[in-house]
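Everything below belongs to my_file12.txt, which stores compact mmCIF, C-alpha atoms.
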# COMPACT_ATOMS: atom_id res chain seq x y z
CA MET A 15 0.00 0.00 0.00
CA LYS A 16 1.32 3.43 -0.97
CA LEU A 17 0.87 6.59 1.08
CA SER A 18 -1.46 9.23 -0.31
CA GLU A 19 -0.42 12.85 -0.78
CA ASN A 20 -2.52 13.84 2.26
CA GLN A 21 -0.71 11.27 4.38
CA ILE A 22 2.65 12.60 3.16
CA GLN A 23 1.60 16.09 4.24
CA GLU A 24 0.52 14.67 7.60
CA LEU A 25 4.05 13.32 8.03
CA TYR A 26 5.45 16.80 7.40
CA LYS A 27 3.14 18.13 10.13
CA PHE A 28 4.24 15.25 12.36
CA THR A 29 7.92 16.18 12.00
CA ARG A 30 7.16 19.85 12.77
CA LYS A 31 5.21 18.77 15.82
CA HIS A 32 8.34 16.97 16.99
CA TYR A 33 10.53 20.08 16.70
CA VAL A 34 11.97 19.60 13.22
CA TYR A 35 11.67 23.03 11.59
CA PHE A 36 13.98 22.74 8.57
CA TYR A 37 12.36 21.65 5.34
CA ASP A 38 15.34 19.62 4.10
CA VAL A 39 15.52 17.63 7.35
CA GLN A 40 11.74 17.22 7.33
CA THR A 41 11.90 15.84 3.79
CA GLU A 42 14.63 13.38 4.74
CA LEU A 43 12.59 12.15 7.69
CA VAL A 44 9.32 12.03 5.74
CA ASP A 45 10.97 9.88 3.05
CA HIS A 46 12.29 7.53 5.73
CA LEU A 47 8.96 7.35 7.57
CA ALA A 48 6.97 6.84 4.37
CA ASN A 49 9.15 3.93 3.23
CA ASP A 50 9.10 2.38 6.68
CA ILE A 51 5.32 2.73 7.02
CA GLU A 52 4.81 0.98 3.69
CA GLU A 53 7.06 -1.87 4.86
CA ILE A 54 5.16 -2.07 8.15
CA TRP A 55 1.88 -2.33 6.24
CA VAL A 56 3.24 -5.31 4.32
CA GLU A 57 3.76 -7.12 7.63
CA TYR A 58 0.80 -5.59 9.49
CA PRO A 59 -1.80 -4.66 6.83
CA ASN A 60 -4.54 -4.01 9.41
CA LEU A 61 -2.72 -1.14 11.10
CA SER A 62 -4.06 2.36 10.53
CA PHE A 63 -1.83 5.10 9.14
CA GLU A 64 -1.41 6.64 12.60
CA GLN A 65 -0.56 3.30 14.20
CA ALA A 66 2.01 2.48 11.52
CA ARG A 67 3.46 5.99 11.80
CA ASP A 68 3.84 5.74 15.57
CA LYS A 69 5.38 2.29 15.25
CA SER A 70 7.94 3.71 12.84
CA PHE A 71 8.61 6.74 15.04
CA LYS A 72 9.43 4.53 18.03
CA LYS A 73 12.41 3.18 16.11
CA PHE A 74 14.08 6.60 16.50
CA GLY A 75 14.42 6.01 20.22
CA ILE A 76 13.78 8.18 23.26
CA PHE A 77 15.15 11.36 21.66
CA GLY A 78 12.98 11.03 18.57
CA PHE A 79 14.25 12.99 15.58
CA MET A 80 16.86 14.97 17.53
CA ASP A 81 19.75 12.66 16.63
CA VAL A 82 18.94 13.07 12.93
CA VAL A 83 18.73 16.87 13.28
CA GLU A 84 22.02 17.06 15.18
CA SER A 85 23.76 14.84 12.64
CA ARG A 86 22.55 17.03 9.77
CA GLN A 87 23.58 20.18 11.64
CA LYS A 88 27.11 18.83 12.10
CA GLN A 89 27.30 17.82 8.45
CA LEU A 90 26.20 21.22 7.11
CA GLY A 91 28.13 23.05 9.82
CA THR A 92 31.28 21.36 8.52
CA ARG A 93 30.36 22.37 4.97
CA TYR A 94 29.83 25.98 6.10
CA ASN A 95 33.20 26.07 7.88
CA ARG A 96 34.89 24.75 4.74
CA LEU A 97 33.27 27.56 2.77
CA ILE A 98 34.65 30.12 5.23
CA PHE A 99 38.11 28.54 5.00
CA LYS A 100 37.92 28.56 1.18
CA PHE A 101 37.03 32.25 1.00
CA MET A 102 39.55 33.10 3.71
CA LYS A 103 42.27 31.47 1.59
CA ASP A 104 41.19 33.68 -1.32
CA TRP A 105 41.87 36.76 0.81
CA LEU A 106 45.31 35.43 1.75
CA SER A 107 46.38 34.88 -1.84
CA ILE A 108 47.31 37.28 -4.66
CA PRO A 109 45.86 39.81 -5.45
CA LYS A 110 43.47 40.07 -2.47
CA ILE A 111 46.31 39.60 0.00
CA ILE A 112 47.30 43.20 -0.75
CA ILE A 113 44.08 44.38 0.91
CA SER A 114 44.59 41.99 3.83
CA ALA A 115 48.17 43.21 4.26
CA THR A 116 47.00 46.82 4.18
CA ILE A 117 44.54 46.14 7.00
CA PHE A 118 47.29 44.43 9.01
CA ILE A 119 49.78 47.27 8.45
CA PHE A 120 47.17 49.87 9.40
CA PHE A 121 46.45 48.30 12.78
CA TYR A 122 50.08 47.46 13.47
CA THR A 123 51.08 51.07 12.73
CA LEU A 124 48.24 52.30 14.90
CA MET A 125 49.55 50.30 17.84
CA THR A 126 53.08 51.69 17.43
CA LEU A 127 51.95 55.34 17.68
CA ASN A 128 52.89 57.10 20.86
CA ILE A 129 49.35 57.78 22.05
CA LYS A 130 47.03 56.28 24.64
CA HIS A 131 46.01 52.70 24.07
CA ASP A 132 42.35 53.67 24.36
CA TYR A 133 42.43 54.37 20.61
CA LEU A 134 42.37 50.62 19.93
CA SER A 135 39.21 50.25 21.99
CA VAL A 136 37.63 53.07 19.98
CA PHE A 137 38.47 51.36 16.70
CA MET A 138 37.19 48.05 18.03
CA LEU A 139 33.94 49.78 19.00
CA ILE A 140 33.60 51.24 15.51
CA LEU A 141 34.26 47.87 13.89
CA ALA A 142 31.87 46.13 16.29
CA THR A 143 29.15 48.68 15.46
CA ILE A 144 29.61 48.12 11.72
CA ASP A 145 29.54 44.38 12.37
CA ILE A 146 26.29 44.61 14.32
CA VAL A 147 24.66 46.72 11.60
CA LEU A 148 25.65 44.21 8.91
CA ALA A 149 24.53 41.29 11.08
CA SER A 150 21.19 43.01 11.66
CA LYS A 151 20.69 43.42 7.90
CA VAL A 152 21.52 39.76 7.30
CA SER A 153 19.04 38.69 10.02
CA LYS A 154 16.30 40.88 8.52
CA LYS A 155 17.00 39.40 5.11
CA ALA A 156 16.68 35.93 6.63
CA LYS A 157 13.26 36.74 8.11
CA LYS A 158 12.10 38.08 4.77
CA ARG A 159 13.33 34.99 2.92
CA PHE A 160 11.67 32.59 5.35
CA LYS A 161 8.42 34.54 5.19
CA GLU A 162 8.34 34.62 1.39
CA ASN A 163 9.37 30.99 0.83
CA ASN A 164 7.49 29.53 3.81
CA LYS A 165 10.28 26.94 3.95
CA LYS A 166 13.44 27.04 6.02
CA TYR A 167 16.48 25.08 4.92
CA LEU A 168 19.14 24.19 7.46
CA LEU A 169 22.05 25.55 5.40
CA GLU A 170 20.06 28.71 4.78
CA ASP A 171 19.62 29.14 8.53
CA ILE A 172 23.36 28.63 9.09
CA ILE A 173 24.23 31.21 6.42
CA PHE A 174 21.85 33.93 7.61
CA ARG A 175 21.52 33.34 11.35
CA VAL A 176 24.45 31.36 12.68
CA GLY A 177 26.85 33.35 10.50
CA ALA A 178 25.57 36.67 11.85
CA PHE A 179 25.71 35.48 15.46
CA SER A 180 29.22 34.05 15.16
CA SER A 181 30.51 37.27 13.61
CA ILE A 182 29.16 39.35 16.50
CA LEU A 183 30.67 36.86 18.94
CA VAL A 184 34.10 37.23 17.32
CA PHE A 185 34.07 41.01 17.54
CA SER A 186 32.71 41.06 21.08
CA ASN A 187 35.87 39.22 22.17
CA LEU A 188 38.21 41.67 20.44
CA PHE A 189 37.74 44.29 23.15
CA ASN A 190 40.00 42.21 25.37
CA LEU A 191 42.90 42.93 23.01
CA SER A 192 43.22 46.59 23.99
CA THR A 193 43.43 45.57 27.66
CA PHE A 194 46.06 42.97 26.83
CA LEU A 195 48.08 45.56 24.89
CA ARG A 196 48.32 47.81 27.95
CA HIS A 197 50.41 45.14 29.68
CA SER A 198 52.74 44.44 26.78
CA GLU A 199 54.70 46.69 24.44
CA SER A 200 56.56 43.95 22.55
CA MET A 201 56.60 43.92 18.75
CA ILE A 202 55.48 40.27 18.69
CA THR A 203 52.39 41.13 20.76
CA LYS A 204 51.46 43.90 18.35
CA ILE A 205 51.96 41.61 15.36
CA ILE A 206 49.73 38.94 16.92
CA ILE A 207 47.01 41.46 17.78
CA ALA A 208 47.12 43.06 14.32
CA THR A 209 46.89 39.59 12.77
CA ILE A 210 43.89 38.64 14.92
CA ILE A 211 42.08 41.88 14.07
CA THR A 212 42.79 41.39 10.35
CA LEU A 213 41.47 37.82 10.41
CA ALA A 214 38.40 38.93 12.39
CA ILE A 215 37.60 41.61 9.81
CA LEU A 216 37.99 39.10 6.96
CA TYR A 217 35.86 36.55 8.85
CA SER A 218 33.04 39.06 9.34
CA TYR A 219 33.18 40.23 5.73
CA ILE A 220 33.01 36.64 4.49
CA THR A 221 30.18 35.56 6.83
CA LEU A 222 28.12 38.77 6.53
CA VAL A 223 28.68 39.74 2.89
CA VAL A 224 30.36 37.14 0.68
CA ILE A 225 28.52 33.96 1.69
CA PRO A 226 25.03 35.56 2.02
CA GLU A 227 25.45 37.01 -1.51
CA LYS A 228 26.17 33.48 -2.77
CA ALA A 229 23.31 31.93 -0.79
CA GLU A 230 21.17 31.04 -3.82
CA GLU A 231 24.08 29.33 -5.57
CA LEU A 232 25.08 27.41 -2.44
CA LEU A 233 21.51 26.29 -1.71
CA GLU A 234 21.01 25.08 -5.28
CA GLU A 235 24.26 23.11 -5.06
CA THR A 236 23.21 21.51 -1.76
CA TYR A 237 19.50 20.93 -2.47
CA PRO A 238 18.52 19.92 -6.03
CA GLU A 239 14.85 20.36 -5.07
CA TYR A 240 15.51 23.98 -4.06
CA LYS A 241 16.30 24.97 -7.63
CA ILE A 242 13.22 23.13 -8.90
CA SER A 243 10.96 24.86 -6.36
CA LYS A 244 12.28 28.28 -7.46
CA THR A 245 11.26 27.62 -11.08
CA LEU A 246 7.70 26.59 -10.22
The structure in this file should be written as structure tokens.
Amino acid sequence: MKLSENQIQELYKFTRKHYVYFYDVQTELVDHLANDIEEIWVEYPNLSFEQARDKSFKKFGIFGFMDVVESRQKQLGTRYNRLIFKFMKDWLSIPKIIISATIFIFFYTLMTLNIKHDYLSVFMLILATIDIVLASKVSKKAKKRFKENNKKYLLEDIIFRVGAFSSILVFSNLFNLSTFLRHSESMITKIIIATIITLAILYSYITLVVIPEKAEELLEETYPEYKISKTL
């Protein structure tokens, strides 16, 4: 016995009811449940749809779908980190390395000036403010996308939400650098701090600008059905 379209939609509702909010993970689980229910019906043809569904769901154990969600999050989280690393390498190779080197030299020179170290905190505040503004725009764009599409993909959520949060987290920790600099005047310390600031700026630019701009391309590469749904 094959599941009807209404029963398939009921399985989607069932996954949402059990705290699975991403369409790609829902689809993976619905496919698994549908196939398993049909196999259960072969062995127990008198079971109702709900009974067969619940029997299948019990096979996921006490945590239900959470293990599947966590596994998918790790998988796509790894893919996202590789994307960041790929774009970061681009900014550390010719010709973009010239811009990266300019940022490094600017902050290193700034730290060698004979003025109060509070200037670094001021620059960090300015950078953090810019970062927050960009992160806010990315988050608003995410809300708009989710509202228009009525479907939320896990990679999409990582690109627009996790990326924005992680960028803010990185810059919030940079304020400690100005305090650390007060207790050390060595050239090596200044080089390390300038390097960290440069990498943080590149990280934020990649997570808040580069990757979100490539979101459609990345989603189509990851989800074949995403491209099909956009053409309908």
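When all atoms listed in the file are used to compute distances to Val152 (chain A), the closest of the residues A:Glu170, A:Glu19, A:Glu24, A:Glu52 turns out to be A:Glu170.
Of the listed residues A:Lys27, A:Met15, A:Gln40, A:Ala149, the one whose atoms come nearest to Lys166 (chain A) is A:Gln40, with distances taken using all atoms listed in the file.
With CA of Thr29 (chain A) on one side and CA of Ile54 (chain A) on the other, the separation reads 18.9 Å.
Atom pair CA of Asp68 (chain A) / CA of Ser18 (chain A): separated by 17.1 Å.
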Report summary line: For Thr236 (chain A), the closest of A:Leu97, A:Met102, A:Leu216, A:Leu90 counting only C-alpha atoms is A:Leu90
Extract, using all atoms listed in the file, all DNA, RNA and protein residues at most 12 Å from Tyr217 (chain A), discarding same-chain residues fewer than 2 positions from it, and format them as a PDB file with C-alpha atoms, in the coordinates of the input.
ATOM      1  CA  ASN A  95      33.200  26.070   7.880  1.00  0.00           C
ATOM      2  CA  LEU A  97      33.270  27.560   2.770  1.00  0.00           C
ATOM      3  CA  ILE A  98      34.650  30.120   5.230  1.00  0.00           C
ATOM      4  CA  PHE A  99      38.110  28.540   5.000  1.00  0.00           C
ATOM      5  CA  LYS A 100      37.920  28.560   1.180  1.00  0.00           C
ATOM      6  CA  PHE A 101      37.030  32.250   1.000  1.00  0.00           C
ATOM      7  CA  MET A 102      39.550  33.100   3.710  1.00  0.00           C
ATOM      8  CA  LYS A 103      42.270  31.470   1.590  1.00  0.00           C
ATOM      9  CA  ASP A 104      41.190  33.680  -1.320  1.00  0.00           C
ATOM     10  CA  TRP A 105      41.870  36.760   0.810  1.00  0.00           C
ATOM     11  CA  LEU A 106      45.310  35.430   1.750  1.00  0.00           C
ATOM     12  CA  SER A 114      44.590  41.990   3.830  1.00  0.00           C
ATOM     13  CA  ASP A 145      29.540  44.380  12.370  1.00  0.00           C
ATOM     14  CA  GLY A 177      26.850  33.350  10.500  1.00  0.00           C
ATOM     15  CA  ALA A 178      25.570  36.670  11.850  1.00  0.00           C
ATOM     16  CA  SER A 180      29.220  34.050  15.160  1.00  0.00           C
ATOM     17  CA  SER A 181      30.510  37.270  13.610  1.00  0.00           C
ATOM     18  CA  ILE A 182      29.160  39.350  16.500  1.00  0.00           C
ATOM     19  CA  LEU A 183      30.670  36.860  18.940  1.00  0.00           C
ATOM     20  CA  VAL A 184      34.100  37.230  17.320  1.00  0.00           C
ATOM     21  CA  PHE A 185      34.070  41.010  17.540  1.00  0.00           C
ATOM     22  CA  ILE A 210      43.890  38.640  14.920  1.00  0.00           C
ATOM     23  CA  ILE A 211      42.080  41.880  14.070  1.00  0.00           C
ATOM     24  CA  THR A 212      42.790  41.390  10.350  1.00  0.00           C
ATOM     25  CA  LEU A 213      41.470  37.820  10.410  1.00  0.00           C
ATOM     26  CA  ALA A 214      38.400  38.930  12.390  1.00  0.00           C
ATOM     27  CA  ILE A 215      37.600  41.610   9.810  1.00  0.00           C
ATOM     28  CA  TYR A 219      33.180  40.230   5.730  1.00  0.00           C
ATOM     29  CA  ILE A 220      33.010  36.640   4.490  1.00  0.00           C
ATOM     30  CA  THR A 221      30.180  35.560   6.830  1.00  0.00           C
ATOM     31  CA  LEU A 222      28.120  38.770   6.530  1.00  0.00           C
ATOM     32  CA  VAL A 223      28.680  39.740   2.890  1.00  0.00           C
ATOM     33  CA  VAL A 224      30.360  37.140   0.680  1.00  0.00           C
ATOM     34  CA  ILE A 225      28.520  33.960   1.690  1.00  0.00           C
TER      35      ILE A 225
END
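One distance worth recording is that between CA of Ala115 (chain A) and CA of Ile207 (chain A), which is 13.7 Å.
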Calculate, to one decimal in Å, the centre and edge lengths of the box along x, y and z of the file that holds all listed atoms of region 157-161 of chain A with 4 Å of margin on each side, and present them as JSON.
{"center_x": 10.9, "center_y": 35.3, "center_z": 5.5, "size_x": 12.9, "size_y": 13.5, "size_z": 13.2}
Report task. Using all atoms listed in the file, find the one residue out of A:Lys16, A:Ser218, A:Tyr237, A:Lys154 that sits nearest to Leu141 (chain A). Result -> A:Ser218
Requested in this report: Could you tell me which of A:Phe179, A:Phe121, A:Tyr240, A:Phe71 comes closest to Tyr37 (chain A) if we count only C-alpha atoms?
Outcome: A:Tyr240
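Among the candidates A:Leu127, A:Thr209, A:Trp55, A:Gly78, the one nearest to His32 (chain A) when counting only C-alpha atoms is A:Gly78.
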Report task. Find the residues around Leu168 (chain A) up to 10 Å (only C-alpha atoms counted), leave out those fewer than 2 positions away in its own chain, and share them as a list of chain:residue names. Result -> A:Tyr35, A:Phe36, A:Tyr37, A:Asp38, A:Val39, A:Val83, A:Arg86, A:Gln87, A:Leu90, A:Gly91, A:Lys165, A:Lys166, A:Glu170, A:Asp171, A:Ile172, A:Ile173, A:Leu233
Query raised in the report: Got a sec to check which residues sit within 6 Å of (20.0, 37.3, 12.6), counting all atoms listed in the file, and write them as a list in words?
Result: Ser150, Ser153, Arg175 and Ala178 of chain A
Next, the residues of the selection above should be written as a short mmCIF file (atom, residue, chain, number, x, y, z; two decimals), keeping the file's coordinate frame with C-alpha atoms.
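Produced file again-v3.cif, reproduced below:
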data_model
loop_
_atom_site.label_atom_id
_atom_site.label_comp_id
_atom_site.auth_asym_id
_atom_site.auth_seq_id
_atom_site.Cartn_x
_atom_site.Cartn_y
_atom_site.Cartn_z
CA SER A 150 21.19 43.01 11.66
CA SER A 153 19.04 38.69 10.02
CA ARG A 175 21.52 33.34 11.35
CA ALA A 178 25.57 36.67 11.85
#
